[in-house]
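Peer 1: My structure is below; once you've seen it, I'll send some questions.
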Amino acid sequence: MSGTTTTTSLNFPVPTKPTPTKYNLVSPRGAKLVTRVWPPKKKPKALCLFVHGGGWHSGYFEALASHLNKTSDIFCAAYDQAGCGYSEVEPTTPDPNYMHFDDFDCLVEDVYEAMEWMVKEAGTTNDDDYVPVYIFGESFGGPQVLEAAFQQADRKDGVRIAGVIVFGGLIRINPAMVPPPFVCNIVAFLAKYYPKIKMPSTDFESTFDEAFGDKEWAKTARADPKITTNPKGTLAAISATLSSGRALLEKAQDFPVPLLCVHGREDCRTLLEGIQEFCDKAGPSKATLHVVETTGHQLLQDTPE
């Protein structure tokens with residue numbers, strides 16, 4: 001099991017720090033990343049790595065992971081990204097309250113490192129039978145897993161990705177949450193020379209509660225000391241995140257593996273049109289998009305049922 005949960009008066013208890021897994025996961029840049037695993041009782045038929053969104057942590061995948069264990073014998077694993085949840089911050093970050101990475105490839109390196117770790121945890125490294133590996137990205141984790149799939153062609157060794165799932169993928173952000181486009185262009189320029197300056201004027205707080213279709217989950221998240229309701233980042237981190245969506249759209253027609261995307265029609269944080277355009281360019285033979293009638297963004301915490 002991934003860990004225990006706190007006992008409170010909340011309808012949904014706050015996930016606590018997980019128990020240590022068999023193997024450690026360390027970012028290639030040196031940050032120790034906290035991990036969770038949900039092994040099925042039988043030999044796994046597939047492996048799935050969860051990559052959470054910004055300001056979030058891996059404890060909130062518990063219900064989905066347990067369901068996949070029981071119904072499909074899927075070994076599930078997740079990690080808290082550097083600077084999020086219970087993980088250490090990037091060694092070069094100027095402030096522990098700000099997410100920092102030099103470029104988006106840093107995050108993709110972590111995805112690949114985590115896949116290798118997951119395979120060791122599952123014990124399928126030397127299996128005679130092929131066990132497919134899937135990667136699941138939520139929100140800010142979405143572009144990370146999409147880019148990881150693109151980079152697979154450049155990696156001749158190691159874990160191969162069988163398919164990708166994206167929930168609420170951050171291809172295009174709600175413009176009300178970031179500065180005007182001309183300011184973002186200035187930020188992108190300045191990030192080349194002053195990457196560690198703290199980014200001003202981002203507003204994630206105002207849509208925090210709205211991001212949950214089930215408002216009881218919003219109460220739980222606000223009570224969780226490891227959730228950041230208004231994530232902040234350096235110029236490099238914010239610029240790399242915003243530009244990642246544009247870069248992905250430019251090559252979407254070449255997406256290499258099967259893709260399932262789920263997105264809220266009126267998602268209050270990430271725009272449906274972004275992932276819609278990506279799936280349209282990737283084509284129906286590779287990409288499937290399921291649209292949910294909700295304004296919610298945290299789709300795993302969207303409805304009371």
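Scheme for the structure tokens: letters A, B, ... for chains in order shown; per-chain residue numbers from 1; ligand numbers from 1 in order shown.
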Considering only C-alpha atoms, tabulate each residue of segment 87-199 of chain A that lies at most 6 Å from segment 47-64 of chain A along with its nearest interatomic pair and the corresponding distance in Å to one decimal; arrange the rows by chain and ascending residue number and present them as a Markdown table.

Peer 2:
```
| residue | atom | partner | partner_atom | distance |
| --- | --- | --- | --- | --- |
| A:Val133 | CA | A:Leu47 | CA | 4.8 |
| A:Tyr134 | CA | A:Cys48 | CA | 4.7 |
| A:Ile135 | CA | A:Leu49 | CA | 4.8 |
| A:Phe136 | CA | A:Phe50 | CA | 4.8 |
| A:Gly137 | CA | A:Val51 | CA | 4.8 |
| A:Glu138 | CA | A:His52 | CA | 5.2 |
| A:Ser139 | CA | A:Gly53 | CA | 4.9 |
| A:Phe140 | CA | A:Gly53 | CA | 4.4 |
| A:Gly141 | CA | A:Gly53 | CA | 5.0 |
```

Peer 1: The selected residues should be written to file as a CSV table (one decimal), in the first residue's frame (atoms: N, CA and C atoms).

Peer 2:
```csv
chain,number,residue,atom,x,y,z
A,133,VAL,N,4.1,-0.8,-20.4
A,133,VAL,CA,4.2,0.3,-19.5
A,133,VAL,C,3.4,1.5,-20.1
A,134,TYR,N,2.5,2.0,-19.2
A,134,TYR,CA,1.7,3.2,-19.6
A,134,TYR,C,2.1,4.4,-18.7
A,135,ILE,N,2.0,5.6,-19.2
A,135,ILE,CA,2.2,6.7,-18.4
A,135,ILE,C,1.0,7.7,-18.4
A,136,PHE,N,0.6,8.1,-17.2
A,136,PHE,CA,-0.6,8.9,-17.0
A,136,PHE,C,-0.2,10.3,-16.5
A,137,GLY,N,-0.5,11.3,-17.2
A,137,GLY,CA,-0.2,12.7,-16.7
A,137,GLY,C,-1.5,13.5,-16.5
A,138,GLU,N,-1.5,14.1,-15.3
A,138,GLU,CA,-2.6,15.0,-15.0
A,138,GLU,C,-2.2,16.5,-15.0
A,139,SER,N,-2.9,17.3,-15.7
A,139,SER,CA,-2.7,18.7,-15.7
A,139,SER,C,-1.3,19.0,-16.2
A,140,PHE,N,-0.4,19.6,-15.3
A,140,PHE,CA,1.0,19.9,-15.6
A,140,PHE,C,1.8,18.7,-15.9
A,141,GLY,N,1.3,17.5,-15.4
A,141,GLY,CA,1.9,16.3,-15.8
A,141,GLY,C,1.6,15.8,-17.2
```

Peer 1: Find the spatial neighbours of segment 152-165 of chain A, counting only C-alpha atoms, within a cut-off of 10 Å - ignore same-chain residues fewer than 3 positions away - and output them as a PyMOL selection string.

Peer 2: chain A and resi 46-50+112-113+115-119+125+131-138+142+145-149+169+256-262+286-288

Peer 1: I'd like the contact shell of Glu293 of chain A - 8 Å cut-off, only C-alpha atoms, skipping same-chain residues fewer than 5 positions apart - returned as a ChimeraX atom specification.

Peer 2: /A:264-266

Peer 1: Distance atom CA of Ala237 of chain A-atom CA of Asn97 of chain A, one decimal place?

Peer 2: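 According to the coordinates, atom CA of Ala237 of chain A and atom CA of Asn97 of chain A are separated by 12.9 Å.
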
Peer 1: Extract, using only C-alpha atoms, all DNA, RNA and protein residues at most 7 Å from Arg36 of chain A, discarding same-chain residues fewer than 6 positions from it, and format them as a list of chain:residue names.

Peer 2: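 What passes the distance filter is A:Ser2, A:Pro18, A:Thr21, A:Ala77, A:Ala78, A:Tyr79.
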
Peer 1: Give me, as number ranges by chain, all polymer residues having an atom no more than 10 Å from segment 184-187 of chain A, counting only C-alpha atoms and skipping those fewer than 4 positions away in the same chain.

Peer 2: A: 178-180, 191-192, 194-195, 197, 199-200, 234-236, 238-239, 242-243

Peer 1: Here is a test: counting only C-alpha atoms, which residue of A:Ala211, A:Ala114, A:Cys279, A:Met99 is nearest to Ala240 of chain A?

Peer 2: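 Closest candidate: A:Met99.
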
Peer 1: Tell me, as a PyMOL selection string, which residues lie within 8 Å of Glu273 of chain A, counting only C-alpha atoms; anything in the same chain fewer than 3 positions away does not count.

Peer 2: chain A and resi 172+276-277

Peer 1: Between A:Asp105, A:Asp80, A:Glu216, A:Glu250, which has the minimum distance to Arg29 of chain A (counting only C-alpha atoms)?

Peer 2: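 The answer is A:Asp105, which sits nearest to Arg29 of chain A.
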
Peer 1: Extract, using only C-alpha atoms, all DNA, RNA and protein residues at most 9 Å from Lys42 of chain A, discarding same-chain residues fewer than 3 positions from it, and format them as a ChimeraX atom specification.

Peer 2: /A:39,45,69,73-74

Peer 1: Could those residues be written to a file, using N, CA and C atoms, as a CSV table (one decimal), in the first residue's frame?

Peer 2:
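Saved as result_25.csv:
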```
chain,number,residue,atom,x,y,z
A,39,PRO,N,0.7,-2.3,-5.7
A,39,PRO,CA,0.9,-3.6,-6.4
A,39,PRO,C,-0.4,-4.4,-6.4
A,45,LYS,N,-0.4,-7.4,-15.2
A,45,LYS,CA,-0.6,-7.5,-16.7
A,45,LYS,C,0.0,-6.2,-17.4
A,69,ASN,N,-5.7,-1.9,-9.7
A,69,ASN,CA,-5.1,-3.1,-9.1
A,69,ASN,C,-6.2,-4.2,-9.1
A,73,ASP,N,-5.4,-5.9,-12.6
A,73,ASP,CA,-4.1,-6.4,-12.2
A,73,ASP,C,-3.0,-5.5,-12.8
A,74,ILE,N,-3.2,-4.2,-12.7
A,74,ILE,CA,-2.2,-3.3,-13.1
A,74,ILE,C,-1.4,-2.8,-11.9
```

Peer 1: Using DSSP on the backbone coordinates, identify all residues within segment 11-129 of chain A classified as alpha helix (DSSP H); present the result as JSON, numbers by chain.

Peer 2: {"A": [62, 63, 64, 65, 66, 67, 68, 69, 70, 71, 72, 104, 105, 106, 107, 108, 109, 110, 111, 112, 113, 114, 115, 116, 117, 118, 119, 120, 121, 122]}

Peer 1: Could you pull out the strand (DSSP E or B) residues of segment 32-253 of chain A, going by DSSP on the backbone, and write them as a VMD selection string?

Peer 2: chain A and resid 32 to 33 35 to 38 46 to 51 74 to 79 99 133 to 138 161 to 167 173 198 233 to 234

Peer 1: For a test of reading the model, state the distance in Å between atom CA of Thr294 of chain A and atom CA of Ala218 of chain A, rounded to one decimal.

Peer 2: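 Separation of atom CA of Thr294 of chain A and atom CA of Ala218 of chain A: 15.3 Å.
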
Peer 1: Between A:Tyr98, A:Phe150, A:Phe204, A:Phe189, which residue has the minimum interatomic distance to Ile173 of chain A, considering only C-alpha atoms?

Peer 2: A:Phe204

Peer 1: Measuring atom to atom with only C-alpha atoms, identify which of A:Gln253, A:Pro28, A:Thr241, A:Asp267 is nearest to Pro284 of chain A.

Peer 2: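 Going through A:Gln253, A:Pro28, A:Thr241, A:Asp267 one by one, the smallest distance to Pro284 of chain A is for A:Gln253.
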
Peer 1: Would you mind telling me which residue in A:Tyr23, A:Tyr130, A:Trp217, A:Phe278 lies nearest to Leu170 of chain A when using only C-alpha atoms?

Peer 2: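 With only C-alpha atoms as the atom set, the closest residue is A:Phe278.
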
Peer 1: Would you please work out which residue, of A:Ala223, A:Ala176, A:Ala252, A:Leu33, is nearest to Val111 of chain A when using only C-alpha atoms?

Peer 2: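 Checking each of A:Ala223, A:Ala176, A:Ala252, A:Leu33 against Val111 of chain A, counting only C-alpha atoms, the winner is A:Leu33.
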
Peer 1: What does the distance from atom CA of Asn174 of chain A to atom CA of Leu299 of chain A come to in Å, to one decimal?

Peer 2: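 Taking atom CA of Asn174 of chain A and atom CA of Leu299 of chain A, their separation equals 16.4 Å.
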